[in-house]
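Raw contents of query-v9.cif, mmCIF, C-alpha atoms:
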data_protein
#
loop_
_atom_site.label_atom_id
_atom_site.label_comp_id
_atom_site.auth_asym_id
_atom_site.auth_seq_id
_atom_site.Cartn_x
_atom_site.Cartn_y
_atom_site.Cartn_z
CA MET A 1 43.53 -118.99 -0.23
CA LYS A 2 46.33 -117.13 -2.03
CA VAL A 3 45.84 -113.50 -3.04
CA SER A 4 47.81 -111.18 -5.32
CA VAL A 5 48.15 -107.49 -4.50
CA ILE A 6 48.95 -104.69 -6.94
CA VAL A 7 49.73 -101.24 -5.57
CA ILE A 8 49.52 -98.51 -8.19
CA GLY A 9 51.06 -95.06 -8.33
CA ASP A 10 54.14 -93.25 -9.63
CA GLU A 11 54.62 -91.80 -6.15
CA LEU A 12 55.32 -95.30 -4.83
CA LEU A 13 58.04 -96.01 -7.41
CA ILE A 14 59.96 -92.80 -6.70
CA GLY A 15 59.78 -93.26 -2.92
CA GLN A 16 57.60 -90.22 -2.33
CA VAL A 17 54.99 -92.44 -0.64
CA THR A 18 55.54 -95.77 1.12
CA ASP A 19 53.12 -98.63 0.49
CA THR A 20 51.26 -99.58 3.67
CA ASN A 21 48.16 -100.99 2.00
CA SER A 22 49.63 -104.41 1.19
CA GLY A 23 50.54 -104.95 4.84
CA THR A 24 47.08 -103.86 5.97
CA LEU A 25 45.42 -106.28 3.56
CA ALA A 26 47.66 -109.16 4.65
CA ARG A 27 46.92 -108.56 8.35
CA ASP A 28 43.18 -108.40 7.75
CA MET A 29 43.13 -111.65 5.77
CA ALA A 30 45.46 -113.67 8.00
CA PRO A 31 42.86 -114.65 10.64
CA PHE A 32 40.91 -116.43 7.88
CA GLY A 33 43.88 -118.42 6.63
CA TRP A 34 44.28 -116.26 3.51
CA GLU A 35 47.78 -115.22 2.47
CA VAL A 36 49.30 -112.62 0.17
CA ASP A 37 51.17 -114.62 -2.46
CA ASN A 38 52.82 -111.68 -4.20
CA VAL A 39 52.88 -107.88 -4.26
CA GLN A 40 53.56 -105.85 -7.40
CA THR A 41 54.21 -102.12 -7.41
CA VAL A 42 53.51 -100.36 -10.71
CA GLY A 43 53.30 -96.77 -11.88
CA ASP A 44 50.42 -94.94 -13.48
CA SER A 45 50.96 -96.60 -16.86
CA ALA A 46 48.21 -98.41 -18.71
CA GLY A 47 50.57 -101.04 -20.06
CA ALA A 48 52.21 -101.65 -16.67
CA ILE A 49 48.88 -101.99 -14.90
CA SER A 50 47.46 -104.35 -17.51
CA ARG A 51 50.58 -106.54 -17.49
CA ALA A 52 50.53 -106.68 -13.69
CA ILE A 53 46.91 -107.85 -13.70
CA SER A 54 47.62 -110.60 -16.23
CA HIS A 55 50.66 -111.74 -14.24
CA ALA A 56 48.69 -111.75 -10.98
CA PHE A 57 45.82 -113.77 -12.45
CA GLY A 58 48.39 -116.32 -13.60
CA LEU A 59 49.30 -116.86 -9.94
CA THR A 60 46.07 -116.50 -7.96
CA ASP A 61 42.29 -116.39 -8.39
CA ILE A 62 41.97 -113.18 -6.38
CA VAL A 63 43.68 -109.88 -7.20
CA LEU A 64 43.44 -106.79 -5.02
CA THR A 65 44.55 -103.43 -6.40
CA THR A 66 44.95 -100.14 -4.57
CA GLY A 67 45.54 -96.72 -6.07
CA GLY A 68 45.04 -94.85 -9.31
CA LEU A 69 41.38 -94.04 -8.66
CA GLY A 70 41.65 -90.32 -7.97
CA PRO A 71 39.94 -87.58 -10.01
CA THR A 72 43.07 -86.27 -11.77
CA LYS A 73 44.37 -87.18 -15.23
CA ASP A 74 47.23 -89.32 -13.92
CA ASP A 75 44.80 -91.69 -12.19
CA ILE A 76 44.07 -94.09 -15.03
CA THR A 77 43.29 -97.37 -13.25
CA LYS A 78 39.55 -97.13 -13.91
CA ARG A 79 40.03 -96.78 -17.65
CA VAL A 80 42.54 -99.65 -17.74
CA LEU A 81 40.10 -101.91 -15.89
CA CYS A 82 37.35 -100.96 -18.30
CA ASP A 83 39.58 -102.00 -21.23
CA TYR A 84 40.70 -105.21 -19.49
CA PHE A 85 37.28 -106.48 -18.41
CA GLY A 86 35.22 -104.89 -21.17
CA GLY A 87 32.26 -102.53 -21.01
CA GLU A 88 32.19 -98.76 -20.94
CA LEU A 89 32.27 -96.01 -18.35
CA ILE A 90 28.76 -95.21 -17.15
CA HIS A 91 27.35 -92.91 -14.50
CA ASP A 92 26.42 -94.53 -11.18
CA PRO A 93 23.88 -92.37 -9.29
CA ASP A 94 24.57 -94.19 -6.02
CA VAL A 95 28.22 -93.15 -6.17
CA THR A 96 27.15 -89.56 -6.80
CA ALA A 97 24.85 -89.69 -3.78
CA ASN A 98 27.69 -91.07 -1.64
CA ILE A 99 30.05 -88.30 -2.77
CA ILE A 100 27.48 -85.59 -2.06
CA THR A 101 26.87 -87.02 1.43
CA LEU A 102 30.60 -87.05 2.19
CA PHE A 103 31.09 -83.49 0.92
CA ASP A 104 28.11 -82.21 2.89
CA LYS A 105 29.51 -83.72 6.09
CA ARG A 106 32.87 -82.06 5.47
CA GLY A 107 31.39 -78.72 4.47
CA LEU A 108 32.99 -78.90 1.01
CA LYS A 109 31.73 -77.83 -2.39
CA LEU A 110 31.53 -80.56 -5.03
CA ASN A 111 33.57 -79.75 -8.14
CA GLU A 112 33.49 -81.20 -11.63
CA LEU A 113 36.52 -83.48 -11.21
CA THR A 114 35.24 -85.10 -8.05
CA ALA A 115 31.77 -85.53 -9.54
CA ALA A 116 33.42 -87.55 -12.33
CA GLN A 117 34.31 -90.21 -9.75
CA ALA A 118 30.78 -91.50 -10.30
CA MET A 119 31.76 -92.76 -13.76
CA VAL A 120 32.47 -96.50 -13.41
CA PRO A 121 32.97 -99.44 -15.81
CA SER A 122 29.71 -101.14 -16.73
CA SER A 123 31.49 -104.48 -16.23
CA CYS A 124 31.98 -103.98 -12.48
CA ARG A 125 29.88 -104.26 -9.34
CA VAL A 126 30.29 -101.16 -7.19
CA ILE A 127 30.92 -101.35 -3.45
CA GLN A 128 30.24 -97.94 -1.97
CA ASN A 129 33.29 -96.33 -0.36
CA LEU A 130 31.88 -94.80 2.81
CA ALA A 131 35.32 -93.39 3.73
CA GLY A 132 36.04 -91.53 0.48
CA THR A 133 34.88 -90.53 -2.97
CA ALA A 134 36.55 -93.18 -5.16
CA PRO A 135 34.22 -96.17 -5.57
CA ILE A 136 35.43 -99.71 -4.90
CA MET A 137 34.95 -101.88 -7.98
CA TRP A 138 34.48 -105.67 -8.14
CA PHE A 139 35.25 -107.47 -11.41
CA GLU A 140 34.84 -111.17 -12.28
CA LYS A 141 36.27 -113.05 -15.25
CA ASP A 142 36.61 -116.79 -15.81
CA GLY A 143 35.86 -117.52 -12.16
CA LYS A 144 38.51 -115.08 -10.94
CA VAL A 145 37.96 -111.82 -9.06
CA LEU A 146 39.70 -108.45 -9.06
CA VAL A 147 38.76 -105.79 -6.52
CA SER A 148 39.99 -102.27 -7.15
CA MET A 149 40.28 -100.07 -4.06
CA PRO A 150 41.51 -96.53 -3.31
CA GLY A 151 45.18 -95.89 -2.61
CA VAL A 152 44.45 -93.69 0.41
CA PRO A 153 45.48 -95.94 3.33
CA PHE A 154 42.69 -94.76 5.64
CA GLU A 155 40.03 -95.59 3.05
CA THR A 156 41.39 -99.05 2.28
CA ALA A 157 41.95 -99.84 5.96
CA THR A 158 38.36 -98.82 6.70
CA MET A 159 36.52 -100.44 3.81
CA PHE A 160 38.45 -103.66 3.20
CA PRO A 161 37.53 -105.40 6.49
CA LYS A 162 34.09 -103.82 6.56
CA ALA A 163 32.85 -104.56 3.05
CA VAL A 164 35.39 -106.16 0.71
CA LEU A 165 36.72 -109.03 2.80
CA PRO A 166 33.23 -110.27 3.84
CA ALA A 167 32.23 -110.35 0.16
CA LEU A 168 35.37 -112.29 -0.75
CA LEU A 169 34.83 -114.80 2.06
CA GLU A 170 31.26 -115.32 0.90
CA ARG A 171 32.40 -115.80 -2.70
CA PHE A 172 35.31 -118.18 -2.06
CA GLY A 173 34.88 -119.48 1.49
CA SER A 174 37.64 -120.95 3.66
CA ASP A 175 37.95 -124.38 5.27
CA ILE A 176 41.20 -123.56 7.08
CA HIS A 177 41.18 -122.13 10.58
CA ILE A 178 44.10 -119.99 11.68
CA GLU A 179 45.06 -119.36 15.29
CA HIS A 180 47.65 -116.91 16.63
CA SER A 181 49.42 -116.39 19.92
CA VAL A 182 51.79 -113.49 20.60
CA THR A 183 54.46 -113.22 23.28
CA LEU A 184 56.44 -110.01 23.79
CA VAL A 185 59.98 -110.63 25.00
CA THR A 186 62.56 -108.21 26.45
CA GLY A 187 66.17 -108.62 27.43
CA TYR A 188 67.21 -110.62 24.36
CA THR A 189 68.49 -109.80 20.91
CA GLU A 190 66.76 -111.69 18.12
CA SER A 191 69.71 -114.04 17.64
CA ALA A 192 70.17 -114.70 21.36
CA LEU A 193 66.46 -115.42 21.68
CA ALA A 194 66.59 -117.85 18.74
CA MET A 195 69.43 -119.72 20.46
CA LYS A 196 67.54 -119.78 23.77
CA ILE A 197 64.45 -121.43 22.29
CA ALA A 198 66.08 -123.44 19.48
CA SER A 199 65.18 -126.88 20.82
CA TRP A 200 61.63 -125.77 21.61
CA GLU A 201 61.21 -124.37 18.10
CA GLU A 202 62.56 -127.54 16.48
CA SER A 203 59.97 -129.61 18.35
CA LEU A 204 56.97 -127.66 17.03
CA PRO A 205 54.45 -129.76 15.08
CA SER A 206 54.21 -129.09 11.35
CA CYS A 207 50.91 -127.22 11.73
CA LEU A 208 52.64 -124.51 13.80
CA HIS A 209 55.06 -121.82 12.70
CA LEU A 210 57.03 -119.31 14.76
CA ALA A 211 57.73 -115.79 13.47
CA TYR A 212 60.30 -113.41 14.98
CA LEU A 213 59.27 -109.75 14.73
CA PRO A 214 61.97 -107.60 16.38
CA LYS A 215 61.73 -103.94 17.28
CA PRO A 216 64.21 -101.85 19.27
CA GLY A 217 64.22 -103.24 22.81
CA LEU A 218 61.58 -105.87 22.13
CA VAL A 219 61.05 -109.08 20.17
CA ARG A 220 57.52 -110.10 19.24
CA LEU A 221 57.16 -113.86 18.93
CA ARG A 222 54.07 -114.95 17.03
CA ILE A 223 52.94 -118.57 16.87
CA ASP A 224 50.73 -119.23 13.83
CA GLY A 225 48.68 -122.39 13.55
CA LEU A 226 46.74 -123.64 10.51
CA HIS A 227 44.37 -126.60 10.57
CA SER A 228 40.91 -127.65 9.41
CA ASP A 229 39.91 -128.51 13.00
CA PRO A 230 39.48 -125.24 14.97
CA ALA A 231 39.45 -126.91 18.40
CA TYR A 232 42.62 -128.88 17.67
CA ILE A 233 44.66 -125.93 16.41
CA ARG A 234 43.44 -123.66 19.20
CA GLU A 235 44.71 -126.12 21.82
CA ALA A 236 47.95 -126.79 19.93
CA VAL A 237 48.77 -123.06 19.79
CA ALA A 238 47.85 -122.58 23.46
CA ASP A 239 50.07 -125.50 24.54
CA ALA A 240 52.99 -124.19 22.51
CA ALA A 241 52.59 -120.69 23.95
CA ARG A 242 52.51 -122.02 27.53
CA SER A 243 55.69 -124.03 27.06
CA LEU A 244 57.44 -121.10 25.35
CA ARG A 245 56.61 -118.71 28.16
CA ALA A 246 57.78 -121.22 30.76
CA ILE A 247 61.20 -121.28 29.09
CA LEU A 248 61.47 -117.49 28.88
CA GLY A 249 60.26 -116.72 32.41
CA ASP A 250 60.76 -113.10 33.46
CA ALA A 251 61.78 -112.11 29.94
CA VAL A 252 58.10 -112.31 28.96
CA PHE A 253 56.83 -108.73 28.91
CA ALA A 254 53.30 -109.44 27.66
CA THR A 255 51.18 -112.35 26.50
CA ALA A 256 49.03 -110.37 24.08
CA ASP A 257 49.72 -108.41 20.91
CA LEU A 258 50.08 -105.01 22.55
CA THR A 259 52.46 -102.09 22.24
CA PRO A 260 54.69 -101.32 25.25
CA ALA A 261 52.56 -98.23 25.84
CA GLU A 262 49.37 -100.32 25.90
CA VAL A 263 50.97 -102.73 28.37
CA LEU A 264 51.96 -99.85 30.65
CA ILE A 265 48.53 -98.22 30.42
CA ASN A 266 46.88 -101.54 31.34
CA GLU A 267 49.22 -102.05 34.28
CA CYS A 268 48.49 -98.55 35.60
CA ARG A 269 44.75 -98.91 35.08
CA SER A 270 44.52 -102.26 36.85
CA ARG A 271 46.22 -100.73 39.90
CA GLY A 272 44.60 -97.30 39.83
CA VAL A 273 47.98 -95.60 39.39
CA MET A 274 48.63 -92.35 37.54
CA ILE A 275 51.79 -91.96 35.46
CA ALA A 276 53.77 -88.90 34.36
CA THR A 277 56.88 -88.45 32.24
CA ALA A 278 59.92 -86.20 32.49
CA GLU A 279 61.73 -86.26 29.17
CA SER A 280 64.85 -84.71 27.75
CA CYS A 281 66.30 -86.58 24.75
CA THR A 282 63.00 -88.28 23.87
CA GLY A 283 61.34 -84.88 23.54
CA GLY A 284 57.89 -85.95 24.73
CA ASN A 285 57.77 -89.13 22.65
CA VAL A 286 57.11 -91.34 25.69
CA ALA A 287 54.07 -89.24 26.61
CA HIS A 288 53.05 -89.21 22.95
CA GLU A 289 53.01 -93.03 22.79
CA LEU A 290 50.93 -93.19 25.95
CA THR A 291 48.39 -90.61 24.84
CA LEU A 292 47.90 -92.28 21.45
CA ILE A 293 45.88 -94.90 23.33
CA PRO A 294 42.15 -94.15 23.63
CA GLY A 295 41.13 -93.61 27.23
CA ALA A 296 44.68 -92.87 28.38
CA SER A 297 43.48 -89.81 30.27
CA ASP A 298 42.32 -91.92 33.18
CA VAL A 299 45.91 -92.90 34.03
CA VAL A 300 48.20 -90.35 32.33
CA ALA A 301 48.67 -87.26 34.46
CA GLY A 302 50.93 -85.44 32.03
CA GLY A 303 54.45 -84.99 30.77
CA ILE A 304 57.22 -82.43 31.08
CA VAL A 305 59.72 -81.96 28.25
CA SER A 306 62.73 -80.60 30.10
CA TYR A 307 65.06 -80.32 27.14
CA SER A 308 67.21 -77.56 28.62
CA ASN A 309 68.98 -77.64 31.96
CA GLU A 310 67.10 -74.46 32.91
CA VAL A 311 63.76 -76.27 32.61
CA LYS A 312 65.13 -79.27 34.48
CA THR A 313 66.01 -76.91 37.32
CA ALA A 314 63.05 -74.52 37.27
CA VAL A 315 60.23 -76.98 36.59
CA LEU A 316 61.46 -80.33 37.87
CA GLY A 317 63.62 -79.05 40.71
CA VAL A 318 66.83 -80.71 39.54
CA SER A 319 69.69 -79.27 41.57
CA PRO A 320 72.18 -77.11 39.66
CA ASP A 321 74.89 -78.75 41.78
CA THR A 322 73.79 -82.19 40.54
CA LEU A 323 73.92 -81.01 36.95
CA ALA A 324 77.34 -79.42 37.45
CA ALA A 325 78.78 -82.47 39.16
CA HIS A 326 77.39 -85.23 36.94
CA GLY A 327 76.09 -83.67 33.72
CA ALA A 328 72.56 -83.89 32.36
CA VAL A 329 73.06 -87.45 31.11
CA SER A 330 73.52 -89.16 34.45
CA HIS A 331 71.74 -91.30 37.01
CA PRO A 332 71.56 -88.58 39.67
CA VAL A 333 69.87 -86.19 37.22
CA VAL A 334 67.24 -88.62 35.93
CA ARG A 335 66.45 -89.61 39.54
CA GLU A 336 65.77 -85.97 40.38
CA MET A 337 63.78 -85.53 37.16
CA ALA A 338 61.54 -88.49 38.04
CA ALA A 339 61.00 -87.17 41.56
CA GLY A 340 60.27 -83.70 40.19
CA ALA A 341 57.65 -85.07 37.79
CA SER A 342 55.91 -86.73 40.71
CA ARG A 343 55.87 -83.48 42.71
CA ALA A 344 54.64 -81.46 39.72
CA THR A 345 51.83 -83.81 38.68
CA GLY A 346 50.97 -85.87 41.75
CA ALA A 347 51.55 -89.07 39.77
CA ARG A 348 52.81 -92.01 41.79
CA LEU A 349 54.58 -93.59 38.81
CA THR A 350 57.05 -91.51 36.80
CA VAL A 351 59.70 -92.20 34.20
CA ALA A 352 62.53 -89.89 33.17
CA THR A 353 64.91 -89.89 30.19
CA SER A 354 68.08 -87.93 29.48
CA GLY A 355 70.56 -88.79 26.76
CA ILE A 356 72.41 -87.96 23.56
CA ALA A 357 70.33 -88.64 20.46
CA GLY A 358 72.95 -87.26 18.08
CA PRO A 359 74.30 -86.95 15.56
CA GLY A 360 76.50 -84.56 17.56
CA GLY A 361 77.02 -83.99 21.26
CA GLY A 362 78.69 -87.25 22.19
CA SER A 363 81.99 -87.79 23.95
CA GLU A 364 84.33 -90.69 24.65
CA GLU A 365 82.73 -91.17 28.05
CA LYS A 366 79.16 -90.61 26.83
CA PRO A 367 78.95 -91.41 23.11
CA VAL A 368 75.95 -90.70 20.92
CA GLY A 369 73.18 -93.13 21.80
CA THR A 370 73.82 -93.02 25.54
CA VAL A 371 70.53 -92.62 27.44
CA CYS A 372 69.93 -92.66 31.19
CA PHE A 373 66.54 -93.70 32.57
CA CYS A 374 64.82 -93.63 35.91
CA ALA A 375 61.46 -95.20 36.70
CA ARG A 376 60.06 -94.21 40.10
CA TYR A 377 57.04 -95.55 41.97
CA GLN A 378 55.66 -94.26 45.26
CA SER A 379 53.33 -96.65 47.03
CA GLY A 380 50.31 -95.61 49.07
CA ASP A 381 52.31 -95.86 52.31
CA GLY A 382 55.00 -93.53 50.99
CA HIS A 383 57.62 -96.16 50.11
CA VAL A 384 59.60 -95.20 47.00
CA GLY A 385 61.01 -97.77 44.61
CA GLU A 386 63.36 -96.79 41.79
CA GLU A 387 65.08 -98.40 38.84
CA THR A 388 67.87 -96.41 37.21
CA VAL A 389 69.71 -97.73 34.16
CA THR A 390 71.83 -96.59 31.23
CA TYR A 391 71.65 -97.98 27.69
CA ARG A 392 73.63 -97.25 24.56
CA PHE A 393 71.55 -97.43 21.41
CA ASN A 394 72.69 -97.62 17.80
CA GLY A 395 71.31 -95.92 14.74
CA ASN A 396 70.37 -92.44 13.66
CA ARG A 397 68.63 -89.84 15.80
CA ALA A 398 65.11 -91.11 15.06
CA ARG A 399 66.03 -94.71 15.86
CA ILE A 400 67.75 -93.75 19.11
CA ILE A 401 64.66 -91.81 20.22
CA GLU A 402 62.42 -94.73 19.26
CA SER A 403 64.62 -97.21 21.12
CA ALA A 404 64.79 -94.99 24.20
CA THR A 405 61.01 -94.52 24.19
CA THR A 406 60.39 -98.26 24.10
CA ARG A 407 62.91 -98.86 26.87
CA ALA A 408 61.33 -96.18 29.08
CA LEU A 409 57.87 -97.72 28.70
CA ILE A 410 59.17 -101.22 29.47
CA LEU A 411 61.15 -99.99 32.48
CA ALA A 412 58.11 -98.21 33.96
CA ALA A 413 55.83 -101.23 33.49
CA THR A 414 58.40 -103.62 34.95
CA LEU A 415 58.97 -101.43 38.01
CA LEU A 416 55.24 -101.06 38.61
CA ARG A 417 54.77 -104.82 38.53
CA ARG A 418 57.63 -105.31 40.95
CA GLU A 419 56.78 -102.59 43.45
CA SER A 420 52.99 -102.61 43.55
#
Same coordinates, now as structure tokens:
Amino acid sequence: MKVSVIVIGDELLIGQVTDTNSGTLARDMAPFGWEVDNVQTVGDSAGAISRAISHAFGLTDIVLTTGGLGPTKDDITKRVLCDYFGGELIHDPDVTANIITLFDKRGLKLNELTAAQAMVPSSCRVIQNLAGTAPIMWFEKDGKVLVSMPGVPFETATMFPKAVLPALLERFGSDIHIEHSVTLVTGYTESALAMKIASWEESLPSCLHLAYLPKPGLVRLRIDGLHSDPAYIREAVADAARSLRAILGDAVFATADLTPAEVLINECRSRGVMIATAESCTGGNVAHELTLIPGASDVVAGGIVSYSNEVKTAVLGVSPDTLAAHGAVSHPVVREMAAGASRATGARLTVATSGIAGPGGGSEEKPVGTVCFCARYQSGDGHVGEETVTYRFNGNRARIIESATTRALILAATLLRRES
């Protein structure tokens, strides 16, 4: 089933807000074999919205819109939909009750503008928005459906899979089964990886498709399979994934759709190992990625942001002589940082970062983007295993920090697998 998406809002056109809703909708529909055929971005203009709807209905039988449903004067989507599908704005007491419930939970006082959210076109069927005040509206015309949803990403991400998608599946059905398999690969650029697996990819049956989804330090390979026979496509995808992973060998970092932080957390949890971080250039971002994961407290001991040399010395016990002899961005320093994090926290697995995120501070010997890492693991019998490496990353400051964070997580997980 093909679906059109319209994202509405002046803030999207001027770059003040980035559209994430269309990606969320596509990901939620993909497991059912539904695809986004097109995405239109329009401002808060009645003519633009109406034209976008007509264009979308010319391409697909289902149109999903997000945005323009707020209580202020610039949010005009509801009135445009009323004109397009007919009817008039009427008061819906169930929407009012939902708004009052939400405001009571948040300890807020209901004002006149928000109360007006309960006015909806008489031509729609309302789906209560349990995550916000703007109602979700379902319209049908000539066998085609438009569903209007809020622009707030949290509300759409909550309500679409919970209430909207089930209603669409019931209305239109799907006789195509989709199967996915994800393999996370390290140690290859996207182009080098494509060359490595070129013959394998060329031999894929027509019902399978391979997608390359690169991120700094990692390439996510996703095999998608579409077929009317669920058992057949499930086995076809599994066979393709097994043969792919056999070719890639040790470059396979994970065989599930996980973040590097999730992989590391799982590795630590399965072994009963605590981890701690000692970070300079990444500024706590490695620990941040780890602690984003629910339940991380059972394996994350803590993190130390030793941005200055004084903190490296006073908290982590890095020798001033080591700093003087080698500089902060060096293998000897990150080794001492990793050891210091273990002493400070009691964690058996530690990872340390020190580098030059830029835009200034680089030199000919250590240009911007140079980052030194050390992963350290102490086994139960006291044996210490270490992996110390240096990488040079490209991009601006944010990208260098992101790349270094990913590399630190991968390095720690790889060392733990090797040493434990």
(request) Could you expand the PyMOL selection byres ((chain A and resi 89-96) around 9) into the explicit residues it covers here, written as a PyMOL selection string? (result) chain A and resi 78-79+82+87-88+97-101+115-123+126+128-129+133-135
(request) Considering only C-alpha atoms, state which residue in the set A:Ala328, A:Ile247, A:Ala238, A:Ala256 is at the smallest distance from Trp200 (chain A). (result)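 Closest to Trp200 (chain A) of all the choices is A:Ile247.
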(message) Please determine, counting all atoms listed in the file, which residue among A:Ile304, A:Leu130, A:Ile6, A:Ala192 has the shortest atom-to-atom distance to Gly283 (chain A).
(response) A:Ile304
(request) Return as a ChimeraX atom specification the set of residues that the PyMOL selection byres ((chain A and resi 189) around 12) yields on the displayed structure. (result) /A:185-188,190-196,212-220,251
(request) Determine the residue membership of the PyMOL selection byres ((chain A and resi 38) around 9) for the file above and supply it as a PyMOL selection string. (result) chain A and resi 2-6+36-37+39-40+56+59
Sorted per-residue table, region 266-358 of chain A near region 399-413 of chain A, closest atoms and distance, 7 Å, all atoms listed in the file, as CSV:
residue,atom,partner,partner_atom,distance
A:Glu267,CA,A:Ala413,CA,6.7
A:Thr282,CA,A:Ile401,CA,5.3
A:Asn285,CA,A:Thr405,CA,6.5
A:Val286,CA,A:Thr405,CA,5.3
A:Val351,CA,A:Ala412,CA,6.2
A:Ala357,CA,A:Ile400,CA,5.9
(message) Please compute the CA of Phe32 (chain A)-CA of Leu226 (chain A) distance, one decimal, in Å.
(response) 9.6 Å
(request) Can you work out which one of A:His383, A:Arg335, A:His180, A:Arg51 has the shortest atom-to-atom distance to Arg27 (chain A), counting only C-alpha atoms? (result)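 Ranked by minimum distance to Arg27 (chain A), first place goes to A:His180.
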(message) Between CA of Leu323 (chain A) and CA of Thr414 (chain A), what is the distance in Å, rounded to a tenth?
(response) 27.5 Å
(request) Could you tell me how far CA of Gly303 (chain A) lies from CA of Phe393 (chain A), in Å and to one decimal? (result)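 Between CA of Gly303 (chain A) and CA of Phe393 (chain A) the gap works out to 23.1 Å.
Using all atoms listed in the file, the nearest neighbour of Cys281 (chain A) within the list A:Cys268, A:Val371, A:Ala254, A:Ile14 is A:Val371.
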(message) Given only C-alpha atoms as the basis, pick out the residue of A:Ser379, A:Asn396, A:Ser181, A:Asn309 nearest to Met274 (chain A).
(response) A:Ser379
(message) Restricting the calculation to all atoms listed in the file: of A:Ala341, A:Thr41, A:Arg397, A:Ile265, which residue gets closest to Asp298 (chain A)?
(response) A:Ile265
(request) Please tell me which residues are no farther than 8 Å from (51.7, -98.1, 24.2) in the file, counting all atoms listed in the file, and write them as a list of chain:residue names. (result)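 Answer for this query, in the requested form: A:Leu258, A:Thr259, A:Pro260, A:Ala261, A:Glu262, A:Val263, A:Leu264, A:Ile265, A:Glu289, A:Leu290, A:Leu292, A:Ile293, A:Leu409.
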Tell me, as a PDB file with C-alpha atoms, keeping the file's coordinate frame, which residues lie within 10 Å of Gly67 (chain A), counting only C-alpha atoms; anything in the same chain fewer than 5 positions away does not count.
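So the final result, stored in around17.pdb, reads:
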ATOM      1  CA  ILE A   6      48.950-104.690  -6.940  1.00  0.00           C
ATOM      2  CA  VAL A   7      49.730-101.240  -5.570  1.00  0.00           C
ATOM      3  CA  ILE A   8      49.520 -98.510  -8.190  1.00  0.00           C
ATOM      4  CA  GLY A   9      51.060 -95.060  -8.330  1.00  0.00           C
ATOM      5  CA  ASP A  10      54.140 -93.250  -9.630  1.00  0.00           C
ATOM      6  CA  LEU A  12      55.320 -95.300  -4.830  1.00  0.00           C
ATOM      7  CA  ASN A  21      48.160-100.990   2.000  1.00  0.00           C
ATOM      8  CA  VAL A  42      53.510-100.360 -10.710  1.00  0.00           C
ATOM      9  CA  GLY A  43      53.300 -96.770 -11.880  1.00  0.00           C
ATOM     10  CA  ASP A  44      50.420 -94.940 -13.480  1.00  0.00           C
ATOM     11  CA  ASP A  75      44.800 -91.690 -12.190  1.00  0.00           C
ATOM     12  CA  ILE A  76      44.070 -94.090 -15.030  1.00  0.00           C
ATOM     13  CA  THR A  77      43.290 -97.370 -13.250  1.00  0.00           C
ATOM     14  CA  LYS A  78      39.550 -97.130 -13.910  1.00  0.00           C
ATOM     15  CA  ALA A 134      36.550 -93.180  -5.160  1.00  0.00           C
ATOM     16  CA  SER A 148      39.990-102.270  -7.150  1.00  0.00           C
ATOM     17  CA  MET A 149      40.280-100.070  -4.060  1.00  0.00           C
ATOM     18  CA  PRO A 150      41.510 -96.530  -3.310  1.00  0.00           C
ATOM     19  CA  GLY A 151      45.180 -95.890  -2.610  1.00  0.00           C
ATOM     20  CA  VAL A 152      44.450 -93.690   0.410  1.00  0.00           C
ATOM     21  CA  PRO A 153      45.480 -95.940   3.330  1.00  0.00           C
ATOM     22  CA  THR A 156      41.390 -99.050   2.280  1.00  0.00           C
TER      23      THR A 156
END
If the box runs along x, y and z of the file and leaves 3 Å on each side of region 353-370 of chain A, what are its centre and edge lengths in Å, one decimal, as lines of an AutoDock Vina configuration file?
center_x = 74.6
center_y = -88.6
center_z = 22.9
size_x = 25.4
size_y = 15.1
size_z = 20.6
Kindly output region 22-30 of chain A as a tab-separated table (two decimals), keeping the file's coordinate frame, after building N, CA and C atoms.
chain	number	residue	atom	x	y	z
A	22	SER	N	49.45	-102.97	1.32
A	22	SER	CA	49.63	-104.41	1.19
A	22	SER	C	49.75	-105.07	2.55
A	23	GLY	N	50.44	-104.41	3.49
A	23	GLY	CA	50.54	-104.95	4.84
A	23	GLY	C	49.20	-104.97	5.55
A	24	THR	N	48.41	-103.92	5.36
A	24	THR	CA	47.08	-103.86	5.97
A	24	THR	C	46.20	-105.00	5.46
A	25	LEU	N	46.23	-105.22	4.15
A	25	LEU	CA	45.42	-106.28	3.56
A	25	LEU	C	45.84	-107.65	4.09
A	26	ALA	N	47.16	-107.87	4.17
A	26	ALA	CA	47.66	-109.16	4.65
A	26	ALA	C	47.22	-109.42	6.09
A	27	ARG	N	47.32	-108.39	6.94
A	27	ARG	CA	46.92	-108.56	8.35
A	27	ARG	C	45.43	-108.83	8.48
A	28	ASP	N	44.62	-108.19	7.67
A	28	ASP	CA	43.18	-108.40	7.75
A	28	ASP	C	42.77	-109.79	7.27
A	29	MET	N	43.50	-110.34	6.32
A	29	MET	CA	43.13	-111.65	5.77
A	29	MET	C	43.68	-112.81	6.58
A	30	ALA	N	44.77	-112.58	7.30
A	30	ALA	CA	45.46	-113.67	8.00
A	30	ALA	C	44.57	-114.48	8.94
